[in-house]
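Pasted below: model_11.cif, mmCIF, C-alpha atoms and all ligand atoms.
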```
data_query
loop_
_atom_site.label_atom_id
_atom_site.label_comp_id
_atom_site.auth_asym_id
_atom_site.auth_seq_id
_atom_site.Cartn_x
_atom_site.Cartn_y
_atom_site.Cartn_z
CA MET J 281 87.12 212.05 24.24
CA THR J 282 85.54 211.33 27.60
CA PHE J 283 84.71 207.90 28.95
CA PRO J 284 81.48 206.71 27.33
CA LEU J 285 78.20 205.64 28.91
CA VAL J 286 76.87 202.22 27.92
CA GLY J 287 73.15 201.66 28.46
CA VAL J 288 71.99 198.10 29.10
CA VAL J 289 68.36 197.12 28.61
CA GLY J 290 67.47 194.49 31.21
CA GLY J 291 68.79 194.01 34.71
CA GLY J 292 69.55 190.28 34.98
CA GLN J 293 72.85 188.71 35.90
CA LEU J 294 74.33 189.40 32.47
CA ALA J 295 73.87 193.15 32.95
CA ARG J 296 75.25 192.75 36.48
CA MET J 297 78.41 191.02 35.24
CA LEU J 298 79.08 193.83 32.76
CA ALA J 299 79.56 196.12 35.78
CA PRO J 300 82.98 194.91 37.02
CA ALA J 301 84.29 194.92 33.45
CA ALA J 302 83.03 198.48 32.97
CA ILE J 303 84.52 199.59 36.29
CA GLU J 304 87.93 198.16 35.37
CA LEU J 305 87.95 200.13 32.14
CA GLY J 306 86.47 203.31 33.65
CA ILE J 307 83.42 203.00 31.39
CA HIS J 308 80.07 204.20 32.74
CA LEU J 309 77.15 201.79 32.83
CA HIS J 310 73.44 202.53 33.22
CA VAL J 311 70.89 199.73 33.40
CA LEU J 312 67.23 199.91 32.44
CA ALA J 313 65.94 197.47 35.07
CA GLU J 314 62.61 195.66 35.15
CA SER J 315 62.25 196.38 38.88
CA GLU J 316 64.22 197.45 41.96
CA ASP J 317 65.08 193.90 42.96
CA VAL J 318 66.63 192.40 39.81
CA SER J 319 70.23 191.19 39.82
CA ALA J 320 71.98 194.23 38.33
CA THR J 321 70.49 196.92 40.58
CA SER J 322 72.86 196.17 43.45
CA ALA J 323 75.86 196.42 41.12
CA ALA J 324 75.28 199.35 38.74
CA ARG J 325 73.50 202.65 38.31
CA TYR J 326 69.94 201.93 37.15
CA THR J 327 66.53 203.28 36.22
CA VAL J 328 63.41 201.17 36.60
CA GLY J 329 61.34 201.01 33.41
CA ASP J 330 59.44 198.76 31.03
CA TYR J 331 61.51 197.72 27.98
CA ARG J 332 58.28 197.01 26.05
CA ASP J 333 57.35 200.70 26.20
CA LEU J 334 58.84 202.78 23.38
CA ASP J 335 58.77 206.09 25.28
CA THR J 336 60.65 204.54 28.18
CA LEU J 337 63.26 203.16 25.79
CA MET J 338 63.60 206.49 23.96
CA ARG J 339 64.07 208.43 27.19
CA PHE J 340 66.64 205.94 28.44
CA ALA J 341 68.50 205.82 25.12
CA ALA J 342 68.76 209.61 24.99
CA THR J 343 71.08 209.50 28.03
CA VAL J 344 73.57 206.90 26.73
CA ASP J 345 76.30 206.70 24.07
CA VAL J 346 75.48 203.14 23.01
CA LEU J 347 72.61 200.84 23.85
CA THR J 348 73.05 197.13 24.43
CA PHE J 349 71.08 194.27 25.98
CA ASP J 350 70.84 191.73 28.77
CA HIS J 351 68.17 189.78 26.84
CA GLU J 352 66.51 189.50 23.42
CA HIS J 353 62.98 190.52 24.35
CA VAL J 354 62.85 194.18 23.24
CA PRO J 355 60.32 194.33 20.37
CA THR J 356 62.18 194.51 17.04
CA GLU J 357 60.02 197.44 15.84
CA HIS J 358 61.07 199.49 18.90
CA LEU J 359 64.71 198.77 18.09
CA ARG J 360 64.15 199.98 14.53
CA THR J 361 62.55 203.20 15.78
CA LEU J 362 65.46 203.78 18.15
CA GLU J 363 67.99 203.18 15.40
CA ASP J 364 66.11 205.46 12.97
CA SER J 365 66.21 208.22 15.56
CA GLY J 366 70.01 207.99 15.75
CA VAL J 367 70.59 205.71 18.76
CA ALA J 368 73.63 203.40 18.46
CA VAL J 369 71.75 200.12 19.03
CA ARG J 370 74.32 197.32 19.41
CA PRO J 371 73.61 194.74 18.19
CA GLY J 372 71.16 196.45 15.85
CA PRO J 373 67.70 195.13 14.96
CA GLU J 374 68.82 193.75 11.58
CA ALA J 375 71.13 191.36 13.40
CA LEU J 376 69.16 190.88 16.61
CA GLN J 377 66.02 189.62 14.86
CA TYR J 378 67.84 186.34 14.18
CA ALA J 379 68.42 185.81 17.88
CA GLN J 380 64.85 186.85 18.67
CA ASP J 381 63.10 184.60 16.19
CA LYS J 382 64.08 180.94 15.73
CA LEU J 383 62.24 180.66 12.38
CA LYS J 384 64.22 183.59 10.97
CA MET J 385 67.39 182.03 12.37
CA ARG J 386 66.73 178.70 10.62
CA SER J 387 66.03 180.49 7.30
CA ILE J 388 69.19 182.57 7.40
CA ALA J 389 71.35 179.59 8.37
CA ASP J 390 70.00 177.75 5.30
CA GLU J 391 70.64 180.82 3.17
CA LEU J 392 74.24 181.02 4.39
CA GLY J 393 74.74 177.31 3.75
CA LEU J 394 75.32 176.55 7.45
CA PRO J 395 74.34 173.18 8.94
CA ASN J 396 70.73 173.15 10.20
CA PRO J 397 68.65 170.22 11.43
CA VAL J 398 65.75 169.39 9.08
CA TRP J 399 63.07 171.96 9.97
CA ALA J 400 59.81 173.56 8.85
CA ALA J 401 57.40 176.32 9.82
CA VAL J 402 54.07 174.76 10.81
CA ASP J 403 50.74 176.40 11.62
CA SER J 404 48.59 173.42 12.60
CA VAL J 405 48.64 170.01 14.24
CA GLU J 406 48.09 168.52 10.76
CA ALA J 407 51.22 170.21 9.42
CA LEU J 408 53.14 169.00 12.48
CA VAL J 409 51.97 165.42 11.88
CA SER J 410 52.93 165.54 8.21
CA PHE J 411 56.42 166.76 9.14
CA GLY J 412 56.77 163.84 11.57
CA GLU J 413 55.47 161.36 9.00
CA GLU J 414 57.85 162.68 6.35
CA HIS J 415 61.03 163.06 8.43
CA GLY J 416 60.42 160.57 11.23
CA TRP J 417 59.42 160.84 14.89
CA PRO J 418 60.27 162.21 17.40
CA VAL J 419 60.30 165.88 16.44
CA VAL J 420 60.86 169.04 18.47
CA LEU J 421 58.24 171.80 18.46
CA LYS J 422 59.37 175.32 19.40
CA THR J 423 57.81 178.74 19.75
CA PRO J 424 59.77 181.09 17.49
CA ARG J 425 60.06 183.76 20.18
CA GLY J 426 60.17 184.18 23.93
CA GLY J 427 61.67 180.78 24.86
CA TYR J 428 64.54 180.35 27.30
CA ASP J 429 65.99 177.47 29.35
CA GLY J 430 63.81 174.98 27.45
CA LYS J 431 60.55 176.89 27.96
CA GLY J 432 58.81 177.02 24.60
CA VAL J 433 60.39 173.70 23.53
CA ARG J 434 58.48 170.38 23.46
CA VAL J 435 59.50 166.97 22.19
CA VAL J 436 56.64 165.33 20.26
CA ARG J 437 57.10 161.57 19.90
CA THR J 438 54.02 160.33 18.06
CA PRO J 439 51.04 161.56 16.03
CA GLU J 440 48.95 161.03 19.20
CA GLU J 441 51.24 163.37 21.13
CA ALA J 442 51.01 165.85 18.27
CA ALA J 443 47.24 165.91 18.80
CA GLU J 444 47.92 167.19 22.34
CA THR J 445 49.64 170.34 21.04
CA THR J 446 46.53 172.22 19.84
CA GLU J 447 47.10 174.89 22.54
CA TRP J 448 50.51 175.64 21.08
CA PHE J 449 48.86 176.61 17.80
CA GLU J 450 46.50 178.97 19.62
CA LEU J 451 49.45 181.07 20.84
CA ASP J 452 49.99 184.40 19.17
CA PHE J 453 52.43 183.23 16.47
CA PRO J 454 51.69 182.92 12.72
CA ALA J 455 53.69 179.69 12.71
CA LEU J 456 55.79 177.51 15.01
CA LEU J 457 59.15 175.88 14.34
CA VAL J 458 59.35 172.11 14.07
CA GLU J 459 62.63 170.29 13.64
CA GLN J 460 63.99 166.77 13.76
CA LEU J 461 65.09 165.52 17.18
CA VAL J 462 68.84 165.61 16.65
CA PRO J 463 70.67 162.52 17.99
CA PHE J 464 73.58 164.60 19.22
CA SER J 465 76.56 163.24 21.15
CA ARG J 466 76.82 166.45 23.20
CA GLU J 467 76.07 170.16 23.03
CA LEU J 468 78.77 172.65 22.09
CA SER J 469 78.85 176.41 21.98
CA ALA J 470 80.87 178.84 19.90
CA GLN J 471 81.49 182.39 21.12
CA VAL J 472 82.73 185.18 18.95
CA ALA J 473 82.79 188.96 19.32
CA ARG J 474 82.48 191.46 16.49
CA ARG J 475 82.92 195.23 16.52
CA PRO J 476 81.18 197.57 14.04
CA SER J 477 84.35 198.19 12.06
CA GLY J 478 84.50 194.46 11.34
CA GLU J 479 87.12 192.84 13.58
CA VAL J 480 86.05 189.43 14.90
CA ALA J 481 87.56 187.60 17.92
CA ILE J 482 86.93 183.89 18.34
CA TYR J 483 86.91 181.95 21.62
CA PRO J 484 87.65 178.22 21.78
CA ILE J 485 84.61 176.00 21.16
CA VAL J 486 83.23 174.79 24.50
CA GLU J 487 81.25 171.79 25.68
CA SER J 488 77.97 172.69 27.34
CA LEU J 489 76.24 170.08 29.46
CA GLN J 490 72.55 170.84 30.03
CA THR J 491 70.50 169.41 32.88
CA ASP J 492 66.71 169.72 32.49
CA SER J 493 67.32 172.07 29.53
CA VAL J 494 69.37 174.45 31.71
CA CYS J 495 73.08 175.02 31.16
CA ASP J 496 74.85 173.13 33.94
CA VAL J 497 78.58 172.55 33.30
CA VAL J 498 80.74 174.15 30.61
CA THR J 499 84.23 172.90 29.77
CA ALA J 500 86.46 175.16 27.71
CA PRO J 501 87.73 174.09 25.29
CA ALA J 502 85.48 171.08 24.58
CA PRO J 503 87.57 168.00 25.55
CA GLY J 504 88.40 165.66 22.68
CA LEU J 505 86.72 167.78 20.03
CA ASP J 506 87.88 166.92 16.52
CA PRO J 507 90.04 169.92 15.47
CA GLU J 508 88.33 169.99 12.06
CA VAL J 509 84.91 170.22 13.70
CA ALA J 510 86.22 172.92 16.03
CA ALA J 511 87.57 174.91 13.08
CA ALA J 512 84.34 174.52 11.09
CA ALA J 513 82.22 175.56 14.08
CA ALA J 514 84.39 178.64 14.69
CA GLU J 515 84.13 179.46 10.98
CA ALA J 516 80.32 179.12 11.09
CA ALA J 517 80.12 181.44 14.11
CA SER J 518 82.31 184.09 12.51
CA THR J 519 80.35 183.81 9.25
CA LEU J 520 77.13 184.43 11.20
CA ALA J 521 78.71 187.40 13.04
CA GLU J 522 79.92 188.95 9.79
CA ARG J 523 76.99 188.22 7.51
CA LEU J 524 74.34 189.20 10.07
CA GLY J 525 76.32 192.28 11.13
CA VAL J 526 76.40 191.29 14.79
CA VAL J 527 77.97 193.78 17.19
CA GLY J 528 79.02 192.51 20.61
CA MET J 529 79.20 188.92 21.77
CA LEU J 530 77.52 186.18 19.74
CA ALA J 531 76.99 182.68 21.13
CA VAL J 532 76.08 179.92 18.70
CA GLU J 533 74.69 176.85 20.44
CA LEU J 534 75.54 173.68 18.54
CA PHE J 535 74.75 169.98 18.53
CA GLU J 536 77.77 167.73 17.98
CA THR J 537 76.85 165.05 15.42
CA PRO J 538 79.92 162.91 14.72
CA GLY J 539 80.02 161.28 11.31
CA THR J 540 77.37 163.46 9.67
CA GLY J 541 78.07 166.57 7.56
CA PRO J 542 80.60 168.90 9.18
CA GLY J 543 80.09 167.13 12.54
CA PHE J 544 77.73 169.69 14.06
CA LEU J 545 74.34 171.35 13.58
CA ILE J 546 73.27 174.81 14.71
CA ASN J 547 70.76 174.99 17.57
CA GLU J 548 70.29 178.67 18.31
CA LEU J 549 71.89 182.10 18.58
CA ALA J 550 72.30 184.57 21.42
CA MET J 551 73.63 188.07 20.70
CA ARG J 552 74.95 189.04 24.12
CA PRO J 553 77.21 187.51 26.74
CA HIS J 554 75.93 183.96 27.30
CA ASN J 555 76.04 181.38 30.08
CA SER J 556 78.30 179.17 27.95
CA GLY J 557 80.86 182.01 27.95
CA HIS J 558 81.05 182.63 31.72
CA TRP J 559 84.19 180.47 31.89
CA SER J 560 86.06 183.28 30.11
CA MET J 561 85.63 185.66 33.08
CA ASP J 562 88.42 183.78 34.89
CA GLY J 563 89.72 181.46 32.14
CA ALA J 564 90.67 183.77 29.27
CA VAL J 565 92.81 186.88 28.89
CA THR J 566 89.65 188.83 27.99
CA GLY J 567 86.37 187.75 29.57
CA GLN J 568 83.18 187.90 27.52
CA PHE J 569 81.77 190.86 29.50
CA GLU J 570 84.81 193.04 28.85
CA GLN J 571 84.81 191.82 25.25
CA HIS J 572 81.16 192.76 24.83
CA LEU J 573 81.87 196.29 26.09
CA ARG J 574 84.89 196.65 23.79
CA ALA J 575 82.83 195.44 20.84
CA VAL J 576 79.79 197.66 21.38
CA LEU J 577 82.12 200.66 21.85
CA ASP J 578 84.02 199.75 18.66
CA LEU J 579 87.29 199.36 20.58
CA PRO J 580 89.97 196.84 19.52
CA LEU J 581 89.01 193.38 20.78
CA GLY J 582 91.02 191.64 23.48
CA SER J 583 92.90 188.37 23.31
CA THR J 584 90.70 185.29 23.74
CA GLN J 585 93.69 183.17 24.79
CA PRO J 586 92.79 180.67 27.56
CA LEU J 587 94.73 180.92 30.82
CA GLY J 588 94.90 177.16 31.45
CA ALA J 589 94.56 173.88 29.59
CA TYR J 590 90.85 173.90 30.53
CA THR J 591 88.40 175.99 32.48
CA VAL J 592 85.35 174.37 34.05
CA MET J 593 82.26 176.48 34.75
CA LYS J 594 79.55 175.03 36.99
CA ASN J 595 76.24 176.83 37.52
CA TYR J 596 74.50 176.62 40.84
CA LEU J 597 70.73 176.92 40.91
CA GLY J 598 68.53 177.70 43.89
CA GLY J 599 68.46 174.64 46.18
CA ALA J 600 68.19 173.76 49.85
CA ASN J 601 70.39 176.61 51.11
CA GLN J 602 68.45 179.88 51.32
CA ASP J 603 71.39 181.90 52.63
CA LEU J 604 74.13 181.50 50.03
CA TYR J 605 76.64 183.64 51.90
CA SER J 606 76.42 181.40 54.96
CA ALA J 607 78.14 178.67 52.89
CA PHE J 608 80.97 180.87 51.62
CA ASP J 609 83.26 180.21 54.58
CA ARG J 610 83.14 176.47 54.01
CA ALA J 611 83.26 176.68 50.19
CA MET J 612 86.24 179.01 50.28
CA SER J 613 88.17 177.05 52.87
CA GLU J 614 87.59 173.69 51.16
CA TYR J 615 88.02 174.92 47.57
CA PRO J 616 90.50 177.82 47.50
CA SER J 617 91.01 177.51 43.73
CA ALA J 618 87.28 177.93 42.98
CA LYS J 619 86.32 181.36 41.65
CA ILE J 620 82.90 181.98 43.16
CA HIS J 621 80.36 184.21 41.44
CA ALA J 622 76.99 185.09 42.97
CA TYR J 623 74.30 187.12 41.24
CA GLY J 624 72.70 188.90 44.20
CA LYS J 625 69.39 187.14 43.54
CA SER J 626 67.05 185.66 46.09
CA VAL J 627 67.07 181.86 46.13
CA ARG J 628 64.21 180.08 44.41
CA PRO J 629 64.26 176.44 43.32
CA GLY J 630 65.84 176.01 39.89
CA ARG J 631 66.75 179.69 39.50
CA LYS J 632 70.29 180.49 38.32
CA VAL J 633 71.86 182.24 41.31
CA GLY J 634 75.59 181.95 40.61
CA HIS J 635 78.42 179.97 39.09
CA ILE J 636 81.88 178.63 39.88
CA ASN J 637 84.93 178.77 37.60
CA VAL J 638 87.95 176.54 38.09
CA ILE J 639 91.05 176.54 35.91
CA ALA J 640 92.82 173.24 35.13
CA ALA J 641 96.44 174.28 34.55
CA THR J 642 97.24 171.10 32.63
CA GLU J 643 95.24 168.45 30.83
CA GLN J 644 95.73 166.07 33.80
CA ASP J 645 94.02 168.54 36.13
CA LEU J 646 90.68 168.47 34.31
CA ASN J 647 88.95 165.85 36.47
CA GLN J 648 90.08 167.54 39.63
CA ALA J 649 88.90 170.93 38.34
CA ARG J 650 85.48 169.40 37.64
CA ALA J 651 85.31 167.93 41.13
CA ILE J 652 86.29 171.26 42.71
CA ALA J 653 83.66 173.13 40.67
CA GLU J 654 80.97 170.57 41.54
CA GLY J 655 82.00 170.50 45.20
CA ALA J 656 82.03 174.28 45.65
CA ALA J 657 78.70 174.60 43.82
CA SER J 658 77.05 171.98 45.97
CA VAL J 659 78.33 173.47 49.23
CA ILE J 660 76.82 176.80 48.26
CA ARG J 661 73.61 175.37 46.78
CA ASP J 662 72.83 172.82 49.48
CA GLY J 663 74.98 173.93 52.38
CA VAL J 664 76.80 170.53 52.25
CA PRO J 665 79.25 168.98 49.77
CA SER J 666 77.88 166.43 47.32
CA ALA J 667 78.80 162.77 47.85
CA ASP J 668 80.99 162.54 44.74
CA SER J 669 82.90 165.81 45.16
CA ALA J 670 86.64 165.79 45.80
CA ARG J 671 88.87 168.30 47.50
P1 LIG O 701 65.91 177.66 24.62
O1 LIG O 701 65.63 178.81 23.72
O2 LIG O 701 64.90 177.49 25.69
O3 LIG O 701 67.34 177.63 25.12
P2 LIG O 701 66.61 175.53 22.78
O4 LIG O 701 66.09 175.64 21.41
O5 LIG O 701 68.05 175.82 23.01
O6 LIG O 701 65.67 176.39 23.74
O7 LIG O 701 66.30 174.08 23.35
C1 LIG O 701 66.55 173.72 24.71
C2 LIG O 701 67.22 172.37 24.77
O8 LIG O 701 66.39 171.38 24.17
C3 LIG O 701 68.53 172.31 23.99
O9 LIG O 701 69.61 172.75 24.74
C4 LIG O 701 68.61 170.80 23.67
O10 LIG O 701 69.10 170.10 24.78
C5 LIG O 701 67.16 170.44 23.43
N1 LIG O 701 66.84 170.55 21.98
C6 LIG O 701 66.42 171.66 21.34
N2 LIG O 701 66.25 171.41 20.03
C7 LIG O 701 66.56 170.12 19.82
C8 LIG O 701 66.60 169.27 18.67
N3 LIG O 701 66.23 169.68 17.47
N4 LIG O 701 67.02 168.00 18.85
C9 LIG O 701 67.39 167.54 20.06
N5 LIG O 701 67.36 168.29 21.18
C10 LIG O 701 66.96 169.57 21.08
#
```

Show this structure as structure tokens.
Ligand code: ADP
Amino acid sequence: MTFPLVGVVGGGQLARMLAPAAIELGIHLHVLAESEDVSATSAARYTVGDYRDLDTLMRFAATVDVLTFDHEHVPTEHLRTLEDSGVAVRPGPEALQYAQDKLKMRSIADELGLPNPVWAAVDSVEALVSFGEEHGWPVVLKTPRGGYDGKGVRVVRTPEEAAETTEWFELDFPALLVEQLVPFSRELSAQVARRPSGEVAIYPIVESLQTDSVCDVVTAPAPGLDPEVAAAAAEAASTLAERLGVVGMLAVELFETPGTGPGFLINELAMRPHNSGHWSMDGAVTGQFEQHLRAVLDLPLGSTQPLGAYTVMKNYLGGANQDLYSAFDRAMSEYPSAKIHAYGKSVRPGRKVGHINVIAATEQDLNQARAIAEGAASVIRDGVPSADSAR
């Protein structure tokens, strides 16, 4: 057998971060990029093409051994056509539809007996109001498809606010998702990997702190998490991977709800490497990008064992500093234990442009690891350290 070629649809930072893992294993990578200047094009072989166009997808797929994804936006019917014509689509459309469509995801979680918030499919303001009247305000209205980083999500607090959502019901969806506003104590995320022959590998459950609906700081494993909740969440994620036939990495975003049900509710699914798993690149024996490649190639999965008591991952978004590299000297000299990742993207306000990983060797090192991650991120983002950062 020769070393295989993995095709990745989409050229964002997730595709980019598959490249070093592929290089280490001698696996070939080819990215179908949206344009010349997306994140992955400076890191891997690529072709520019439109993932919404079936012919483009077919031509690209014909050159690869397996096809995988940087995002969930390839139309499900195109994925079915690709699969029917013999392409190894991983994850396949039968699984991926549940990460593409939040209404389908809620239905299948109910069917599998997994903990969902109270939800409904609604097709009018009236239906939205009756849901709020029945289950209590506030509620959360979501587009079933196409949302990311909180886009396509709106909190609706009163019947009057519901009346302002008419435009949402004019979008091109047969129905929208409405669910109760969950009074969660924090957000968690479960990552598992599954290969086609069935093996599943489970990472520790992590805490994921969001700022303005964007993943900000991840701590792995989630500090102080009740071991029973952790075990139940890991079980739910592996049930989803197995029952949906996921291939590759699966991230299950969760709300922690102490004292109710199993102590968590499912928020949403991502069937690819996920921001809440970036910690594993430096903090686990097998990082999620290598694990994703192993899984889609049906190779034995790697150990998910953490390398320290905790790993802290801090994202940095586009801020005051336009020239990220100009801050590297200072960030590296002040924070030598920070593992700096940059995505090769131009800086725009609020855009994810990189992240920092810091390992806390022991439990006592967690606060310091947080401060190092925050400090390094702020030096790179703003060109100066934040007031509360420590060395
Ligand atoms: P996206 O697809 O944009 O990531 P999510 O469905 O994950 O959208 O929602 C974005 C954020 O909004 C979540 O991380 C959470 O903070 C908040 N949120 C979403 N649904 C609910 C809910 N039912 N109750 C409370 N907060 C929610």

Which of these, J:His635, J:His572, J:Arg325, J:His351, has the shortest distance to ligand LIG 701 (chain O) once you count all atoms listed in the file?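 Under the stated criterion, the closest residue is J:His351.
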
So what do you get for atom CA of J:Glu533 versus atom CA of J:Val405, distance-wise?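 If I compute the distance from atom CA of J:Glu533 to atom CA of J:Val405, I get 27.6 Å.
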
Å distance separating atom CA of J:Gln585 from atom CA of J:Tyr483, one decimal place: 7.6 Å

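In this comparison, which uses all atoms listed in the file, the residue of J:Ser465, J:Ser626, J:Ser658, J:Ser560 approaching ligand LIG 701 (chain O) most closely is J:Ser465.
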
Each side padded by 6 Å, which centre and which edge lengths in Å (one decimal) define the axis-aligned box around the listed atoms of ligand LIG 701 (chain O)? Give them as AutoDock Vina command-line options.
```
--center_x 67.3 --center_y 173.2 --center_z 21.6 --size_x 16.7 --size_y 23.3 --size_z 20.2
```

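If one restricts the calculation to all atoms listed in the file, the set of residues situated within 7 Å of ligand LIG 701 (chain O) consists of Pro397, Val420, Gly427, Tyr428, Asp429, Gly430, Lys431, Gly432, Val433, Glu459, Gln460, Leu461, Val462, Pro463, Phe464, Gln490, Ser493, Asn547 and Glu548 of chain J.
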
Those residues you just picked out, can you put them in a file as a JSON list (two decimals), in the coordinates of the input with C-alpha atoms?
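Saved as again_24.json:
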```json
[["chain", "number", "residue", "atom", "x", "y", "z"],
["J", 397, "PRO", "CA", 68.65, 170.22, 11.43],
["J", 420, "VAL", "CA", 60.86, 169.04, 18.47],
["J", 427, "GLY", "CA", 61.67, 180.78, 24.86],
["J", 428, "TYR", "CA", 64.54, 180.35, 27.30],
["J", 429, "ASP", "CA", 65.99, 177.47, 29.35],
["J", 430, "GLY", "CA", 63.81, 174.98, 27.45],
["J", 431, "LYS", "CA", 60.55, 176.89, 27.96],
["J", 432, "GLY", "CA", 58.81, 177.02, 24.60],
["J", 433, "VAL", "CA", 60.39, 173.70, 23.53],
["J", 459, "GLU", "CA", 62.63, 170.29, 13.64],
["J", 460, "GLN", "CA", 63.99, 166.77, 13.76],
["J", 461, "LEU", "CA", 65.09, 165.52, 17.18],
["J", 462, "VAL", "CA", 68.84, 165.61, 16.65],
["J", 463, "PRO", "CA", 70.67, 162.52, 17.99],
["J", 464, "PHE", "CA", 73.58, 164.60, 19.22],
["J", 490, "GLN", "CA", 72.55, 170.84, 30.03],
["J", 493, "SER", "CA", 67.32, 172.07, 29.53],
["J", 547, "ASN", "CA", 70.76, 174.99, 17.57],
["J", 548, "GLU", "CA", 70.29, 178.67, 18.31]]
```

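As for atom CA of J:Trp559 and atom CA of J:Val497, they are spaced 9.8 Å apart.
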
Smallest atom-to-atom distance to J:Tyr605: which of J:Arg339, J:Lys382, J:Arg628, J:Arg661, using all atoms listed in the file?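 Checking each candidate against J:Tyr605, we get J:Arg661 as the closest.
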
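Considering the residues J:Tyr623, J:Phe283, J:Tyr331, J:Trp448 and counting only C-alpha atoms, J:Arg296 has its shortest atom-to-atom contact with J:Tyr623.
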
Which of these, J:Asp562, J:Asp350, J:Asp335, J:Glu374, has the shortest distance to J:Ser319 once you count all atoms listed in the file?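 Closest to J:Ser319 of all the choices is J:Asp350.
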
Env of J:Ala600: 10 Å cut, atoms = only C-alpha atoms, seq-sep filter 3 positions within chain, self excluded. Answer as an MDAnalysis selection string. chainID J and resid 597 603:604 627:629 658 660:664

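Remark: for J:Leu530, the closest of the candidate residues J:Ala502, J:Ala379, J:Ala510, J:Ala342 is J:Ala379 (distances computed over all atoms listed in the file).
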
Cut-off 12 Å around (77.1, 186.7, 8.5) with all atoms listed in the file: residues as a PyMOL selection string: chain J and resi 374-375+378+385+388-394+472+474+478+480+515-527+530

Residue subset to file, keeping C-alpha atoms, as a PDB file, in the frame of the given file:
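Ended up saving to selection13.pdb:
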```
ATOM      1  CA  GLU J 374      68.820 193.750  11.580  1.00  0.00           C
ATOM      2  CA  ALA J 375      71.130 191.360  13.400  1.00  0.00           C
ATOM      3  CA  TYR J 378      67.840 186.340  14.180  1.00  0.00           C
ATOM      4  CA  MET J 385      67.390 182.030  12.370  1.00  0.00           C
ATOM      5  CA  ILE J 388      69.190 182.570   7.400  1.00  0.00           C
ATOM      6  CA  ALA J 389      71.350 179.590   8.370  1.00  0.00           C
ATOM      7  CA  ASP J 390      70.000 177.750   5.300  1.00  0.00           C
ATOM      8  CA  GLU J 391      70.640 180.820   3.170  1.00  0.00           C
ATOM      9  CA  LEU J 392      74.240 181.020   4.390  1.00  0.00           C
ATOM     10  CA  GLY J 393      74.740 177.310   3.750  1.00  0.00           C
ATOM     11  CA  LEU J 394      75.320 176.550   7.450  1.00  0.00           C
ATOM     12  CA  VAL J 472      82.730 185.180  18.950  1.00  0.00           C
ATOM     13  CA  ARG J 474      82.480 191.460  16.490  1.00  0.00           C
ATOM     14  CA  GLY J 478      84.500 194.460  11.340  1.00  0.00           C
ATOM     15  CA  VAL J 480      86.050 189.430  14.900  1.00  0.00           C
ATOM     16  CA  GLU J 515      84.130 179.460  10.980  1.00  0.00           C
ATOM     17  CA  ALA J 516      80.320 179.120  11.090  1.00  0.00           C
ATOM     18  CA  ALA J 517      80.120 181.440  14.110  1.00  0.00           C
ATOM     19  CA  SER J 518      82.310 184.090  12.510  1.00  0.00           C
ATOM     20  CA  THR J 519      80.350 183.810   9.250  1.00  0.00           C
ATOM     21  CA  LEU J 520      77.130 184.430  11.200  1.00  0.00           C
ATOM     22  CA  ALA J 521      78.710 187.400  13.040  1.00  0.00           C
ATOM     23  CA  GLU J 522      79.920 188.950   9.790  1.00  0.00           C
ATOM     24  CA  ARG J 523      76.990 188.220   7.510  1.00  0.00           C
ATOM     25  CA  LEU J 524      74.340 189.200  10.070  1.00  0.00           C
ATOM     26  CA  GLY J 525      76.320 192.280  11.130  1.00  0.00           C
ATOM     27  CA  VAL J 526      76.400 191.290  14.790  1.00  0.00           C
ATOM     28  CA  VAL J 527      77.970 193.780  17.190  1.00  0.00           C
ATOM     29  CA  LEU J 530      77.520 186.180  19.740  1.00  0.00           C
TER      30      LEU J 530
END
```
